[in-house]
Every structure is written in C-alpha cells, then in structure tokens.
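Reviewing the structure listed below.
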Amino acid sequence: MGTKEFAYIFGDAICLIMLLFISNASRRHTKILLAERYFLEMSLATAILLISDIIWPLVDGVKLPGFRLLNIIINLVYMVLMGFIGFLWIVYVDFKVRRRLDSSHYKRVTMFSIPMLVLLVLTLTSPKTHILFYIDENNCYHRGKLMWIRICVMNLYVLWAAVLTLVGIKRQKTKQKKDEIRALLQFIFFPLIGIFMQLFYMNLPFTAVGISLSVLLVFINVQNKQISIDALTGINNRRQLTLYVDSELSALSKKGELYYLIMDVDKFKLINDTYGHLEGDNALVKIASLLNSLCEKQNDFVARYGGDEFVIVCRRHNEAEVEALKQEILSAVSKLNDEGTLPYTLSLSVGSAKFDTSKSNDEIFAEADKKLYSIKSERTNVNA
C-alpha cells in the first residue's frame, strides 16, 4: 500500500469512527426526539459511504478473480449514497424549517427525490454505458464523460437546502428560532469545498470528509439544543433561562425595561390526582404551547421553570404593558377552556417583577414569586 492509499484510508477511517459515535448517540435520543430520525439516517448513510470509500483503494487495480466486480459494486454504492445523503439532508432541512409532518411535507419529499432517482438510474447503468464511471480490464477506476452530473446533483441538494434555510430564517419571528435554523447553513460549507477539491485530487477523500464534518456540526447543534429545552414541553428549560437572563442584562442598549413573569397552574395537583399524571403532562404541554405562541409575537422568552411553573422574560416600557401581557395570557387560557377539549378547567396565577440592577437575579425572581403566591392566596380566600 502506497502513501496516497494510506492517507485516503486513514482520513476515511477517522471520519467513520466519528460517525459511528454520532449514530450511536443519535439513536439513543431518537426515542425522545423523533424529529431527528432524518439526521440519524443521514449519519448512517454517510458511515456506509465511508466504508465503501475505505475498501475502494484496497480493491482498485488489484488483478484477482472477483475484484473487478467488487470494484464496480463499491463504486455503485458510493455514488448512490452520494445522492441519497443529499436527499436526506434537504428532507431534514425542510422538516426543521416547517416543523410539520403533514401531507404537503410528503409531497415535497417526492419532489426532492427526483434528482436522486435520476442519479440512481445513471449510476446503475454506468457499468454498461460508462456515463458516470467505468472499470477497465485492469480493474482500474475511471471517471465517465458525464461525471459532472453526480457533482451537480450533490451541489443542487446542498444549495436547494440553503435556499429553504434562508426562506425559513426570514419567516421566523423570534431571534432564538432564527438562530436555530441559521445553524443549518453550516452544512453547506464543508461539502461544497470537499466536492470542489475532489475534482482535482481524486486520490484523497475530500468529499466524504466534507460531508462527515458537516454531520458533526449538525450533531453538535442538535445536542446543544437538547440540553437547553424541556423534554416534556419542548420549550426552554431552567438552564437556558439563566443564560438568557444573563445575556439580556448585558444588552443595555435594548429598548424597554426587563420584566419577569412567573406563573403556575392552579390546582395542578388536583388534575394529577383526578385524571392521572399523563393528563397532567398534557395540561403542561397545552400551557407551554399557548405561552410559546403568545411570546413569539414580541420575541419574548418563555421557559418551564420546573413542575407546573413557567417563566416569561420580556421587555416592556412600563407596568401597564406588562399587565396587558398578563391579561392576554389569561384570556388565551380562557379561550382554551371554551374549546371544551379538556376534561377540566385550566387557570393560571401570574406574578411579575421588574429587573433592578441593584438586586440579584434571585431576589427579583423571589419578588415575582411572592406576588404570584399573593394572588393565589387572594383567590383561595375569595373561593372560601
């Protein structure tokens, strides 16, 4: 084995080990976050592509019985997977941007599959037509006259996904969601560079390495998001709340005062005891979804603090605007009850406090919490 072959195999092997780790870690989370199954399939497909890419330099040019057929099969697998990975990526991006698994999503999936299917047909016929590649009598690989089609298909998927991402960023209302979708653009750089470099250096695995690095970046973003969201409700968790408050307090140039809104579900224990914990979880999910929808309007931050407690951090010019937000929340909860889809009546108690630089974050939170329980106490006395 020469130095070039060793470098080729070594580069692929490092990427393969990394992808097997990513696939294993992603599989553990897939049961919790089913939306990432496209990403899992993409990482597994890339791992298989790397395996074929590792075997290829060990087979190419070897004049032994059966090795020419093996060389053909390896190249068929590699080229089919190149199109399949591009297809999975754009499907993944489409789902992440639109957040819906409806009939229109599957119609778009059909449209996305067209370039992959064209590449599939051309690849499978190449051993006869030599369109994309061919293996000569000495078992040596050669590029076909229309090899550029394979490159175009991969680039088409990457750029197509980039356009979907840019459109998705423009449609989002909150900075947090814009940043989440913007992270998908990281996938573009490394594959494009890899594909370009592979044109000039066929004996180095630039394309496979480029795809692998991009899969790693997406995996890191997925992991970062998972440690910042609440597993039950899908909104921000307590850890992310602390990070957000710290960042907002340092942003002195922003307009408006910063406020805490703390709320909890009234008589939540009674819901759990009467209807079971699954129905209690459903109540929390409903409230989280409702608060998230309201907060998107003015880019407010919402998080589940713990149990049945939720927190909103918002910027408003005065107390009157904060009271208006409280009333909007209570009205939305009342509207949810009027729909009659729940076997119980939901209600929230809401307390608030203004951020003061002379006080610590814990002191401000305690102030809002005290107002919350003062309201709950008043309600209890009135009902009594």
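As shown in the structure tokens, the chain order sets the letters A, B, ...; within each chain, residues go from 1, and ligands are also counted from 1 in the order they appear.
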
For segment 146-152 of chain A, list every protein, DNA or RNA residue within 12 Å, evaluated using only C-alpha atoms, and leave out those in the same chain fewer than 2 positions away; present the list as a ChimeraX atom specification. /A:76,78-84,86,115-123,126,129-134,142-144,154-160,191-199,207

Picked from segment 131-230 of chain A by DSSP as strand (DSSP E), as a short mmCIF file (atom, residue, chain, number, x, y, z; two decimals) with N, CA, C and O atoms, in the first residue's frame:
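Result written to selection29.cif:
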data_model
loop_
_atom_site.label_atom_id
_atom_site.label_comp_id
_atom_site.auth_asym_id
_atom_site.auth_seq_id
_atom_site.Cartn_x
_atom_site.Cartn_y
_atom_site.Cartn_z
N PHE A 133 -18.98 6.42 -14.60
CA PHE A 133 -17.67 5.81 -14.32
C PHE A 133 -17.59 4.48 -15.07
O PHE A 133 -18.60 3.95 -15.56
N TYR A 134 -16.37 3.92 -15.12
CA TYR A 134 -16.22 2.56 -15.62
C TYR A 134 -14.94 1.96 -15.05
O TYR A 134 -14.02 2.67 -14.64
N ILE A 135 -14.91 0.65 -15.00
CA ILE A 135 -13.75 -0.09 -14.51
C ILE A 135 -13.16 -0.83 -15.70
O ILE A 135 -13.84 -1.64 -16.34
N TYR A 141 -10.31 2.20 -11.85
CA TYR A 141 -11.45 3.11 -11.92
C TYR A 141 -11.15 4.28 -12.84
O TYR A 141 -10.03 4.83 -12.82
N HIS A 142 -12.16 4.69 -13.65
CA HIS A 142 -12.05 5.88 -14.49
C HIS A 142 -13.36 6.67 -14.42
O HIS A 142 -14.44 6.08 -14.32
N ARG A 143 -13.25 7.98 -14.45
CA ARG A 143 -14.44 8.82 -14.49
C ARG A 143 -15.08 8.76 -15.87
O ARG A 143 -14.39 8.75 -16.89
#

Polymer residues at most 12 Å from Gly11 of chain A, only C-alpha atoms, same-chain spacing of 3 or more positions, as number ranges by chain: A: 4-8, 14-18, 50-51, 53-54, 203-210, 212-213

Considering only C-alpha atoms, state which residue in the set A:Ile85, A:Ile188, A:Glu180, A:Glu309 is at the smallest distance from Gln226 of chain A.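 Closest to Gln226 of chain A of all the choices is A:Glu180.
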
Which residue of A:Asp308, A:Asp281, A:Asp369, A:Glu328 approaches Tyr260 of chain A most closely, using only C-alpha atoms: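 Of all the options, A:Asp369 lies closest to Tyr260 of chain A.
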
I want to know what sits within 10 Å of segment 294-303 of chain A, based on only C-alpha atoms, with residues of the same chain fewer than 3 positions away left out; could you give that as an NGL selection string? :A and (172-177 or 228-230 or 233-241 or 244-245 or 260-262 or 288-291 or 306 or 309-316 or 325 or 328-329 or 332)

Within 12 Å of Thr341 of chain A, counting only C-alpha atoms, which residues show up once you throw out same-chain ones fewer than 5 positions away? Write them as a ChimeraX atom specification, please. /A:282-283,286,335-336,346

Could you pull out the alpha helix (DSSP H) residues of segment 76-228 of chain A, going by DSSP on the backbone, and write them as a ChimeraX atom specification? /A:76-98,103-129,147-171,175-182,186-200,206-226

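Minimum atom-to-atom distance to Met263 of chain A, evaluated using only C-alpha atoms, belongs to A:Leu372 out of A:Leu372, A:Ala320, A:Leu217, A:Val167.
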
Kindly give the distance, in Å, that separates atom CA of Tyr201 of chain A and atom CA of Ala13 of chain A, rounded to a single decimal. 18.2 Å

Residue among A:Asn139, A:Phe39, A:Ala324, A:Asp246 lying closest to Gly66 of chain A, counting only C-alpha atoms: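 Going through A:Asn139, A:Phe39, A:Ala324, A:Asp246 one by one, the smallest distance to Gly66 of chain A is for A:Asn139.
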
Pick the closest to Val215 of chain A from A:Tyr344, A:Tyr373, A:Tyr38, A:Phe365: which is it, counting only C-alpha atoms?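 Using only C-alpha atoms, the shortest distance to Val215 of chain A belongs to A:Tyr38.
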